[in-house]
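S.K.: Input file: my_file.txt. Contents: compact mmCIF, C-alpha atoms and all ligand atoms.
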# COMPACT_ATOMS: atom_id res chain seq x y z
CA MET A 1 0.00 0.00 0.00
CA SER A 2 1.64 3.22 -1.14
CA LEU A 3 1.47 6.44 0.81
CA PHE A 4 -0.15 7.95 -2.26
CA SER A 5 -2.65 5.27 -3.21
CA ALA A 6 -5.58 7.47 -2.25
CA VAL A 7 -4.30 10.50 -4.21
CA GLU A 8 -6.81 11.45 -6.83
CA MET A 9 -5.88 12.58 -10.32
CA ALA A 10 -6.49 16.33 -10.47
CA PRO A 11 -8.34 17.68 -13.49
CA ARG A 12 -6.09 18.95 -16.24
CA ASP A 13 -5.60 22.70 -16.49
CA PRO A 14 -8.10 23.57 -19.23
CA ILE A 15 -5.72 25.85 -21.15
CA LEU A 16 -2.69 23.59 -20.87
CA GLY A 17 -4.87 20.65 -21.86
CA LEU A 18 -5.86 22.57 -24.96
CA ASN A 19 -2.17 23.13 -25.71
CA GLU A 20 -1.46 19.43 -25.51
CA GLN A 21 -4.30 18.72 -27.90
CA TYR A 22 -3.00 21.43 -30.24
CA ASN A 23 0.52 20.01 -30.19
CA ALA A 24 -0.79 16.57 -31.09
CA ASP A 25 -2.94 17.92 -33.95
CA THR A 26 -1.55 17.03 -37.39
CA ASN A 27 -3.60 19.63 -39.30
CA PRO A 28 -0.97 21.75 -41.12
CA ASN A 29 -3.23 24.82 -40.86
CA LYS A 30 -3.77 24.54 -37.11
CA VAL A 31 -3.85 27.80 -35.14
CA ASN A 32 -3.55 28.08 -31.37
CA LEU A 33 -5.74 30.90 -30.06
CA GLY A 34 -6.11 29.21 -26.69
CA VAL A 35 -3.18 30.34 -24.60
CA GLY A 36 -2.70 33.97 -23.52
CA VAL A 37 0.58 34.69 -25.22
CA TYR A 38 1.49 37.45 -27.67
CA PHE A 39 3.05 36.26 -30.92
CA ASP A 40 4.46 38.51 -33.62
CA ASP A 41 3.27 38.59 -37.21
CA ASN A 42 5.49 35.59 -38.01
CA GLY A 43 3.81 33.60 -35.28
CA LYS A 44 6.96 33.83 -33.13
CA LEU A 45 7.20 34.58 -29.45
CA PRO A 46 9.13 37.87 -29.47
CA LEU A 47 12.40 38.44 -27.62
CA LEU A 48 12.29 42.21 -27.21
CA GLN A 49 15.28 44.27 -28.38
CA CYS A 50 15.31 46.15 -25.08
CA VAL A 51 15.56 42.84 -23.23
CA GLN A 52 18.43 41.67 -25.44
CA ALA A 53 20.23 44.98 -24.92
CA ALA A 54 19.78 44.75 -21.15
CA GLU A 55 21.06 41.16 -21.16
CA LYS A 56 24.07 42.25 -23.18
CA THR A 57 25.00 44.93 -20.63
CA MET A 58 24.51 42.31 -17.92
CA MET A 59 26.83 39.90 -19.72
CA ASP A 60 29.43 42.60 -20.34
CA LYS A 61 29.69 43.00 -16.59
CA PRO A 62 29.01 39.53 -15.25
CA ALA A 63 27.71 39.62 -11.71
CA ALA A 64 27.86 36.88 -9.11
CA ARG A 65 24.47 35.48 -8.09
CA GLY A 66 24.07 36.00 -4.37
CA TYR A 67 20.67 35.85 -2.76
CA LEU A 68 18.49 38.85 -3.44
CA PRO A 69 16.80 40.53 -0.49
CA ILE A 70 13.51 38.82 0.44
CA ASP A 71 11.51 41.63 -1.15
CA GLY A 72 13.68 41.59 -4.27
CA LEU A 73 16.00 44.04 -5.99
CA ALA A 74 15.54 47.58 -4.69
CA ALA A 75 16.08 49.01 -8.18
CA TYR A 76 13.32 46.74 -9.46
CA ASP A 77 10.83 47.49 -6.70
CA ASN A 78 11.40 51.22 -7.15
CA ALA A 79 10.92 50.96 -10.91
CA VAL A 80 7.67 49.03 -10.39
CA LYS A 81 6.39 51.73 -8.02
CA ALA A 82 7.18 54.45 -10.55
CA LEU A 83 5.50 52.52 -13.34
CA VAL A 84 2.36 51.61 -11.42
CA PHE A 85 1.81 54.82 -9.45
CA GLY A 86 3.67 57.36 -11.59
CA ALA A 87 7.21 58.61 -11.04
CA ASP A 88 6.08 61.73 -9.17
CA SER A 89 3.33 60.05 -7.23
CA ALA A 90 2.93 61.38 -3.70
CA VAL A 91 2.13 57.93 -2.27
CA VAL A 92 5.47 56.68 -3.53
CA GLN A 93 7.41 59.74 -2.46
CA ASP A 94 5.81 59.61 0.98
CA GLY A 95 6.92 55.98 1.32
CA ARG A 96 3.35 54.73 1.63
CA VAL A 97 3.69 51.87 -0.85
CA ALA A 98 5.08 48.47 0.15
CA THR A 99 6.32 46.64 -2.96
CA VAL A 100 7.84 43.19 -3.25
CA GLN A 101 9.25 41.50 -6.34
CA ALA A 102 7.16 38.42 -7.11
CA LEU A 103 7.14 35.33 -9.29
CA GLY A 104 5.06 36.83 -12.08
CA GLY A 105 1.63 38.33 -11.62
CA THR A 106 0.48 35.02 -10.16
CA GLY A 107 3.14 35.32 -7.48
CA GLY A 108 2.01 38.85 -6.66
CA LEU A 109 -1.58 37.68 -6.29
CA LYS A 110 -0.52 34.78 -4.09
CA ILE A 111 1.60 36.90 -1.74
CA GLY A 112 -1.33 39.31 -1.43
CA ALA A 113 -3.79 36.48 -0.86
CA ASP A 114 -1.68 34.88 1.90
CA PHE A 115 -1.18 38.24 3.62
CA LEU A 116 -4.92 39.02 3.39
CA LYS A 117 -5.81 35.64 4.83
CA LYS A 118 -3.80 36.41 7.96
CA LEU A 119 -5.21 39.93 8.12
CA ASN A 120 -8.85 39.02 7.74
CA PRO A 121 -9.32 35.24 7.72
CA ASN A 122 -13.11 35.42 7.40
CA ALA A 123 -13.25 37.78 4.45
CA LYS A 124 -14.86 36.62 1.23
CA VAL A 125 -13.24 37.17 -2.13
CA LEU A 126 -15.25 38.30 -5.14
CA ILE A 127 -13.92 37.81 -8.66
CA SER A 128 -15.59 38.92 -11.89
CA ASP A 129 -18.05 36.62 -13.65
CA PRO A 130 -16.23 35.36 -15.66
CA SER A 131 -12.59 35.85 -14.67
CA TRP A 132 -9.16 34.42 -15.30
CA GLU A 133 -9.75 30.92 -13.91
CA ASN A 134 -6.68 30.97 -11.72
CA HIS A 135 -8.17 33.81 -9.66
CA ARG A 136 -10.71 31.43 -8.21
CA ALA A 137 -8.23 28.61 -7.71
CA LEU A 138 -5.55 30.81 -6.19
CA PHE A 139 -7.78 32.55 -3.64
CA THR A 140 -9.56 29.28 -2.83
CA ASN A 141 -6.21 27.63 -2.19
CA ALA A 142 -5.24 30.54 0.04
CA GLY A 143 -8.23 29.54 2.17
CA PHE A 144 -10.89 32.01 1.03
CA THR A 145 -14.49 31.47 -0.01
CA VAL A 146 -14.57 32.82 -3.55
CA GLU A 147 -17.75 34.14 -5.16
CA THR A 148 -18.37 36.33 -8.18
CA TYR A 149 -19.60 39.81 -8.97
CA ALA A 150 -21.67 40.37 -12.11
CA TYR A 151 -19.54 41.43 -15.07
CA TYR A 152 -20.19 40.09 -18.56
CA ASP A 153 -23.49 40.61 -20.31
CA ALA A 154 -23.69 38.18 -23.22
CA ASP A 155 -26.82 39.80 -24.69
CA LYS A 156 -25.42 43.30 -24.53
CA LEU A 157 -21.95 42.16 -25.65
CA GLY A 158 -20.36 44.23 -22.93
CA VAL A 159 -20.25 44.78 -19.20
CA ASN A 160 -23.34 44.49 -17.04
CA PHE A 161 -22.27 47.51 -15.06
CA ASP A 162 -25.47 47.93 -13.07
CA GLY A 163 -25.14 44.30 -12.04
CA MET A 164 -21.51 44.82 -11.11
CA LEU A 165 -22.34 47.80 -8.90
CA ALA A 166 -25.23 45.90 -7.32
CA SER A 167 -22.89 43.00 -6.48
CA LEU A 168 -20.35 45.33 -4.93
CA ASN A 169 -23.03 47.20 -3.01
CA ALA A 170 -24.29 43.93 -1.59
CA ALA A 171 -20.84 42.81 -0.40
CA GLU A 172 -19.97 42.92 3.28
CA ALA A 173 -17.32 45.34 4.53
CA GLY A 174 -13.87 43.79 4.26
CA THR A 175 -14.74 41.70 1.19
CA VAL A 176 -11.79 41.47 -1.19
CA ILE A 177 -12.74 42.55 -4.71
CA VAL A 178 -10.39 41.31 -7.42
CA LEU A 179 -10.52 43.80 -10.28
CA HIS A 180 -8.87 43.58 -13.69
CA ALA A 181 -7.08 46.93 -13.95
CA CYS A 182 -7.18 46.79 -17.75
CA CYS A 183 -7.62 44.33 -20.65
CA HIS A 184 -10.14 42.09 -18.90
CA ASN A 185 -9.34 38.40 -19.21
CA PRO A 186 -11.28 36.58 -20.65
CA THR A 187 -13.91 38.94 -22.07
CA GLY A 188 -11.84 41.82 -23.48
CA TYR A 189 -14.39 44.29 -22.09
CA ASP A 190 -13.15 46.96 -19.70
CA ILE A 191 -15.29 49.44 -17.81
CA THR A 192 -15.02 53.14 -18.69
CA PRO A 193 -13.13 55.73 -16.60
CA GLU A 194 -16.48 57.11 -15.39
CA GLN A 195 -17.55 53.61 -14.35
CA TRP A 196 -14.24 53.17 -12.52
CA ASP A 197 -15.09 56.32 -10.54
CA LYS A 198 -18.31 54.65 -9.43
CA VAL A 199 -16.49 51.45 -8.48
CA VAL A 200 -14.01 53.45 -6.41
CA GLU A 201 -16.93 55.22 -4.71
CA VAL A 202 -18.61 51.95 -3.73
CA VAL A 203 -15.35 50.36 -2.60
CA LYS A 204 -14.80 53.35 -0.34
CA ALA A 205 -18.38 53.70 0.91
CA LYS A 206 -18.73 49.99 1.69
CA GLY A 207 -15.26 49.44 3.14
CA LEU A 208 -14.30 46.86 0.52
CA VAL A 209 -10.72 45.84 -0.19
CA ALA A 210 -9.69 46.39 -3.80
CA PHE A 211 -7.12 44.03 -5.29
CA LEU A 212 -6.20 45.28 -8.74
CA ASP A 213 -4.71 42.70 -11.04
CA MET A 214 -2.55 44.53 -13.56
CA ALA A 215 -1.35 41.80 -15.89
CA TYR A 216 -1.49 43.83 -19.10
CA GLN A 217 -0.30 47.37 -18.40
CA GLY A 218 0.47 48.91 -21.79
CA PHE A 219 -1.54 46.41 -23.81
CA GLY A 220 -4.75 48.44 -23.67
CA HIS A 221 -4.41 52.15 -24.44
CA GLY A 222 -0.87 52.87 -23.24
CA ILE A 223 1.25 52.56 -20.12
CA ALA A 224 0.01 55.73 -18.42
CA GLU A 225 -3.53 55.36 -19.76
CA ASP A 226 -3.84 51.81 -18.43
CA GLY A 227 -2.28 52.89 -15.15
CA ALA A 228 -4.75 55.74 -14.66
CA VAL A 229 -7.20 53.51 -12.82
CA ILE A 230 -4.63 53.04 -10.06
CA GLY A 231 -4.53 56.81 -9.62
CA LYS A 232 -8.29 56.82 -8.96
CA PHE A 233 -7.92 54.48 -5.98
CA VAL A 234 -4.99 56.54 -4.70
CA ALA A 235 -6.95 59.79 -5.07
CA ALA A 236 -9.82 58.31 -3.05
CA GLY A 237 -7.38 57.76 -0.18
CA LEU A 238 -7.92 53.99 -0.19
CA ASN A 239 -5.63 51.24 1.03
CA PHE A 240 -5.46 48.65 -1.71
CA PHE A 241 -3.43 45.99 -3.50
CA VAL A 242 -1.93 45.93 -6.99
CA SER A 243 -0.32 42.89 -8.58
CA THR A 244 1.91 43.52 -11.57
CA SER A 245 3.01 41.15 -14.30
CA PHE A 246 5.74 41.73 -16.86
CA SER A 247 5.15 38.38 -18.53
CA LYS A 248 3.32 39.95 -21.46
CA SER A 249 4.58 43.52 -21.51
CA PHE A 250 8.23 42.36 -21.61
CA SER A 251 7.53 39.02 -23.28
CA LEU A 252 9.33 37.43 -20.32
CA TYR A 253 6.80 34.72 -19.55
CA GLY A 254 9.29 32.14 -18.37
CA GLU A 255 11.37 34.47 -16.20
CA ARG A 256 8.50 34.96 -13.74
CA VAL A 257 8.77 38.69 -13.20
CA GLY A 258 6.01 40.45 -11.34
CA ALA A 259 5.31 42.32 -8.14
CA LEU A 260 2.86 43.07 -5.39
CA SER A 261 2.32 46.63 -4.20
CA VAL A 262 0.23 47.56 -1.17
CA VAL A 263 -0.85 51.16 -0.67
CA CYS A 264 -0.84 52.05 3.03
CA GLU A 265 -1.89 54.94 5.23
CA SER A 266 1.60 56.04 6.23
CA LYS A 267 5.28 55.26 5.78
CA GLU A 268 5.35 53.59 9.16
CA GLU A 269 2.37 51.39 8.24
CA ALA A 270 3.99 50.49 4.91
CA ALA A 271 7.07 49.32 6.82
CA ARG A 272 4.93 47.04 8.98
CA VAL A 273 3.04 45.69 5.96
CA LEU A 274 6.30 45.09 4.09
CA SER A 275 7.67 43.14 7.05
CA GLN A 276 4.63 40.81 6.84
CA LEU A 277 4.85 40.43 3.04
CA LYS A 278 8.47 39.41 3.55
CA ILE A 279 7.39 36.66 5.95
CA VAL A 280 5.01 35.31 3.29
CA VAL A 281 7.84 35.30 0.74
CA ARG A 282 10.42 33.88 3.15
CA THR A 283 8.22 30.96 4.16
CA ASN A 284 7.26 30.12 0.58
CA TYR A 285 10.37 30.45 -1.56
CA SER A 286 12.74 32.59 0.53
CA ASN A 287 13.60 35.21 -2.08
CA PRO A 288 13.04 35.89 -5.77
CA PRO A 289 15.37 34.99 -8.66
CA THR A 290 17.85 37.51 -10.04
CA HIS A 291 17.72 37.37 -13.81
CA GLY A 292 14.26 38.59 -14.85
CA GLY A 293 14.12 41.28 -12.21
CA THR A 294 17.55 42.58 -13.22
CA VAL A 295 16.53 42.69 -16.89
CA VAL A 296 13.34 44.63 -16.17
CA ALA A 297 15.06 46.99 -13.72
CA THR A 298 17.84 47.64 -16.25
CA VAL A 299 15.33 48.51 -18.95
CA LEU A 300 13.01 50.61 -16.81
CA ASN A 301 15.84 52.56 -15.16
CA ASN A 302 17.77 53.36 -18.37
CA PRO A 303 16.13 56.16 -20.41
CA GLU A 304 17.22 54.77 -23.78
CA LEU A 305 16.16 51.20 -23.06
CA ARG A 306 12.97 52.43 -21.49
CA ALA A 307 12.12 54.38 -24.66
CA GLN A 308 12.88 51.28 -26.70
CA TRP A 309 10.59 49.19 -24.48
CA GLU A 310 7.76 51.69 -24.81
CA GLN A 311 8.14 51.57 -28.55
CA GLU A 312 8.17 47.77 -28.68
CA LEU A 313 5.21 47.54 -26.32
CA GLY A 314 3.41 50.09 -28.50
CA GLU A 315 4.07 47.93 -31.55
CA MET A 316 2.56 44.90 -29.82
CA ARG A 317 -0.47 46.94 -28.78
CA THR A 318 -0.92 48.35 -32.28
CA ARG A 319 -0.59 44.94 -33.90
CA ILE A 320 -3.25 43.45 -31.66
CA LYS A 321 -5.62 46.27 -32.57
CA ALA A 322 -4.91 45.77 -36.26
CA MET A 323 -5.68 42.04 -35.87
CA ARG A 324 -9.01 42.86 -34.21
CA GLN A 325 -9.94 45.01 -37.20
CA ALA A 326 -8.65 42.36 -39.62
CA LEU A 327 -10.78 39.76 -37.83
CA VAL A 328 -13.92 41.88 -38.17
CA ASP A 329 -13.18 42.62 -41.85
CA GLY A 330 -12.15 39.04 -42.61
CA LEU A 331 -15.30 37.56 -41.07
CA LYS A 332 -17.43 39.89 -43.13
CA ALA A 333 -15.49 38.98 -46.27
CA ALA A 334 -15.94 35.29 -45.41
CA GLY A 335 -19.70 35.82 -45.51
CA VAL A 336 -20.54 36.16 -41.82
CA GLN A 337 -23.80 38.10 -41.61
CA ARG A 338 -23.68 38.73 -37.86
CA ASP A 339 -22.26 42.12 -36.88
CA MET A 340 -18.88 41.22 -35.40
CA SER A 341 -17.70 44.81 -34.87
CA PHE A 342 -17.89 44.29 -31.09
CA ILE A 343 -14.46 42.65 -31.44
CA THR A 344 -12.88 46.07 -31.98
CA LYS A 345 -14.63 47.43 -28.88
CA GLN A 346 -12.79 44.87 -26.80
CA ILE A 347 -9.26 45.55 -25.62
CA GLY A 348 -6.14 43.60 -24.76
CA MET A 349 -5.17 40.10 -25.80
CA PHE A 350 -8.51 38.39 -25.62
CA SER A 351 -11.82 38.36 -27.35
CA TYR A 352 -14.99 36.78 -26.16
CA SER A 353 -16.12 35.84 -29.64
CA GLY A 354 -19.71 35.03 -28.73
CA LEU A 355 -19.23 31.52 -30.18
CA SER A 356 -20.90 28.67 -28.32
CA LYS A 357 -19.12 25.69 -26.83
CA ASP A 358 -20.35 23.52 -29.72
CA GLN A 359 -18.97 25.98 -32.23
CA MET A 360 -15.63 26.13 -30.44
CA VAL A 361 -15.44 22.32 -30.38
CA ARG A 362 -16.19 22.20 -34.12
CA LEU A 363 -13.55 24.87 -34.79
CA ARG A 364 -11.06 22.73 -32.96
CA ASN A 365 -11.99 19.30 -34.27
CA GLU A 366 -12.80 20.17 -37.87
CA PHE A 367 -10.46 23.10 -38.52
CA GLY A 368 -7.65 22.90 -35.96
CA VAL A 369 -8.49 26.40 -34.66
CA TYR A 370 -8.08 26.28 -30.90
CA GLY A 371 -9.87 28.59 -28.47
CA THR A 372 -11.45 27.85 -25.10
CA ASP A 373 -14.93 26.37 -24.79
CA THR A 374 -16.15 29.71 -23.43
CA GLY A 375 -15.53 31.25 -26.86
CA ARG A 376 -12.40 33.07 -25.73
CA MET A 377 -9.81 33.60 -28.44
CA CYS A 378 -6.38 35.17 -28.10
CA VAL A 379 -6.32 37.82 -30.81
CA ALA A 380 -2.63 38.39 -30.03
CA ALA A 381 -1.92 35.03 -31.69
CA LEU A 382 -3.53 36.06 -34.98
CA ASN A 383 -1.24 37.18 -37.80
CA SER A 384 -1.40 38.13 -41.46
CA LYS A 385 -0.79 34.48 -42.45
CA ASN A 386 -3.35 32.70 -40.27
CA ILE A 387 -6.12 35.31 -40.15
CA GLY A 388 -7.71 34.30 -43.47
CA TYR A 389 -7.93 30.65 -42.45
CA VAL A 390 -9.27 31.54 -39.01
CA CYS A 391 -11.99 33.77 -40.52
CA GLU A 392 -13.04 31.12 -43.06
CA SER A 393 -13.15 28.48 -40.34
CA ILE A 394 -15.26 30.64 -38.02
CA ALA A 395 -17.59 31.48 -40.90
CA LYS A 396 -18.14 27.74 -41.45
CA VAL A 397 -19.18 27.02 -37.86
CA LEU A 398 -21.34 30.12 -37.37
N1 LIG A 401 -3.78 37.85 -14.06
C1 LIG A 401 -4.37 37.75 -15.25
C2 LIG A 401 -5.69 38.39 -15.46
C3 LIG A 401 -3.76 37.04 -16.27
O1 LIG A 401 -4.36 36.93 -17.45
C4 LIG A 401 -2.50 36.45 -16.04
C5 LIG A 401 -1.76 35.69 -17.09
N2 LIG A 401 -2.48 34.92 -17.94
C6 LIG A 401 -1.93 36.59 -14.79
C7 LIG A 401 -2.59 37.30 -13.82
C8 LIG A 401 -0.63 35.93 -14.41
O2 LIG A 401 0.47 36.42 -15.02
P1 LIG A 401 1.88 35.73 -14.83
O3 LIG A 401 2.06 34.82 -15.97
O4 LIG A 401 2.82 36.89 -14.82
O5 LIG A 401 1.89 35.02 -13.53
Show me the file's structure as structure tokens.
M.R.:
Amino acid sequence: MSLFSAVEMAPRDPILGLNEQYNADTNPNKVNLGVGVYFDDNGKLPLLQCVQAAEKTMMDKPAARGYLPIDGLAAYDNAVKALVFGADSAVVQDGRVATVQALGGTGGLKIGADFLKKLNPNAKVLISDPSWENHRALFTNAGFTVETYAYYDADKLGVNFDGMLASLNAAEAGTVIVLHACCHNPTGYDITPEQWDKVVEVVKAKGLVAFLDMAYQGFGHGIAEDGAVIGKFVAAGLNFFVSTSFSKSFSLYGERVGALSVVCESKEEAARVLSQLKIVVRTNYSNPPTHGGTVVATVLNNPELRAQWEQELGEMRTRIKAMRQALVDGLKAAGVQRDMSFITKQIGMFSYSGLSKDQMVRLRNEFGVYGTDTGRMCVAALNSKNIGYVCESIAKVL
């Protein structure tokens, strides 16, 4: 009798399962729109020029690899603060933000979740309906009861904002509200700046705890534009959480570079919060790895490399938008009668296409076009070579 004989097989991760199926598919025209990764027009995962330049300067002056501090590289944490809150932000200058380097955006969420669980063990967590699936799993695993707030309106092809506000208004004080700061995953629908003002108002009036997940800063309207929502929470005088991911914006998926920032009441409070975040890190993986954080800090702290990054990020953003338009045009050209222009009203890497599960299964099985059963497609994986085939295939299942 083995120690593990009663261990059950866990369900496969739906997205990774899709990848496996894609890899095994022998259709020469197959297209993977399942995973949330940006590919360039040649279908290649980009290695940004700014990253290569930073790595070159790092190799020119090889550094030994001692342990980093528990909260990560200071130059990195400071660069994250400047990016997320603005270089001249008073909260940063006053020392009211506690930031730790994290293992990607997921790591930032997890450090925040573990800290919140100690702070308020009975709090509920609300995620959007629908949300990035790992939100539910991650907060559940951190010990929270996870429920949803209304978000997507399939009939309206947009956000059910009245429903969202009603959900937030009905939440108990102390409830943690996980909000997508920009480029909502999976729907592609963000709320407007005016709607954000209302969310901030309710969060403040009801004593809710906002946890902003910023996995796509720069992929929506621009770095500062996407970051503006953070400024609204700061202006309202709230204490809140922001997780940051550079997986997409630096195309550094495998380096696991992210952060968690917590906005506090005072410098002294931020020091206490930071000390607790460090315990979470120390007891999980001790301290973060050097390479990815050094690359990102080098780029963000060097004006030339920073300008190069902004340009490259802008090119990714522009290409995604062009692919959205090409998808709308291509579907029309392929004979689709339904008005698909909603695709250009969505933002970021994903599109909720409105296709049913049956249609997505047919797309996959008959045409080798892979998206999730919910109808989510990664428009950042479309390119000038595969778009025609994708449009024709969708037209055939619609
Ligand atoms: N939050 C959201 C909404 C995401 O879409 C993702 C990545 N798919 C993450 C967090 C996690 O990012 P990372 O890969 O940096 O952990």
S.K.: With only C-alpha atoms as the atoms that count, which of A:Met214, A:Asp25, A:Ile70, A:Asp94 lies nearest to Ser286 of chain A?
M.R.: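 Of all the options, A:Ile70 lies closest to Ser286 of chain A.
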S.K.: Considering all atoms listed in the file, give me a table of residues in chain A that are at most 7 Å from ligand LIG 401 (chain A), with the closest atom pair and distance in Å for each, as a Markdown table.
M.R.:
| residue | atom | partner | partner_atom | distance |
| --- | --- | --- | --- | --- |
| A:Gly36 | CA | A:LIG401 | N2 | 5.7 |
| A:Leu103 | CA | A:LIG401 | O5 | 6.8 |
| A:Gly104 | CA | A:LIG401 | O4 | 3.5 |
| A:Gly105 | CA | A:LIG401 | O4 | 3.7 |
| A:Thr106 | CA | A:LIG401 | O5 | 3.7 |
| A:Gly107 | CA | A:LIG401 | O5 | 6.2 |
| A:Trp132 | CA | A:LIG401 | C2 | 5.3 |
| A:His180 | CA | A:LIG401 | C2 | 6.3 |
| A:His184 | CA | A:LIG401 | C2 | 6.7 |
| A:Asn185 | CA | A:LIG401 | C2 | 5.2 |
| A:Asp213 | CA | A:LIG401 | N1 | 5.8 |
| A:Met214 | CA | A:LIG401 | N1 | 6.8 |
| A:Ala215 | CA | A:LIG401 | N1 | 5.0 |
| A:Ser245 | CA | A:LIG401 | O4 | 4.3 |
| A:Phe246 | CA | A:LIG401 | O4 | 6.0 |
| A:Ser247 | CA | A:LIG401 | O4 | 4.6 |
| A:Tyr253 | CA | A:LIG401 | O3 | 5.9 |
| A:Arg256 | CA | A:LIG401 | O4 | 6.1 |
| A:Val257 | CA | A:LIG401 | O4 | 6.4 |
| A:Gly258 | CA | A:LIG401 | O4 | 5.9 |
S.K.: To one decimal place, how far is atom CA of Gln359 of chain A from atom CA of Lys396 of chain A in Å?
M.R.: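 Rounded to one decimal, the two atoms are 9.4 Å apart.
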S.K.: Go through A:Gln93, A:Thr372, A:Ser384, A:Asn78 and flag the residue nearest Leu16 of chain A, using all atoms listed in the file for the distances.
M.R.: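 Selected residue with least distance to Leu16 of chain A: A:Thr372.
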S.K.: One decimal, in Å: what's the spacing between atom CA of Ile230 of chain A and atom CA of Ala381 of chain A?
M.R.: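 Computing the Euclidean distance for atom CA of Ile230 of chain A and atom CA of Ala381 of chain A yields 28.3 Å.
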S.K.: Applying 10 Å and all atoms listed in the file, which residues near Val203 of chain A remain after dropping the ones on its own chain fewer than 6 positions away? List them as a list in words.
M.R.: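 Residues meeting the cut-off are Leu165, Leu168, Asn169, Ala171, Ala173, Gly174, Thr175, Val176, Ile177, Asp197, Val209, Ala210, Phe233, Ala236 and Leu238 of chain A.
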S.K.: Which one of A:Cys378, A:Val97, A:Ala297, A:Ile343 sits closest to Val263 of chain A if you count only C-alpha atoms?
M.R.: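 The answer is A:Val97, which sits nearest to Val263 of chain A.
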S.K.: Compare A:Gln49, A:Thr57, A:Asn301, A:Asn120 by their minimum atom-to-atom distance to Phe144 of chain A, counting all atoms listed in the file, and give me the closest one.
M.R.: A:Asn120
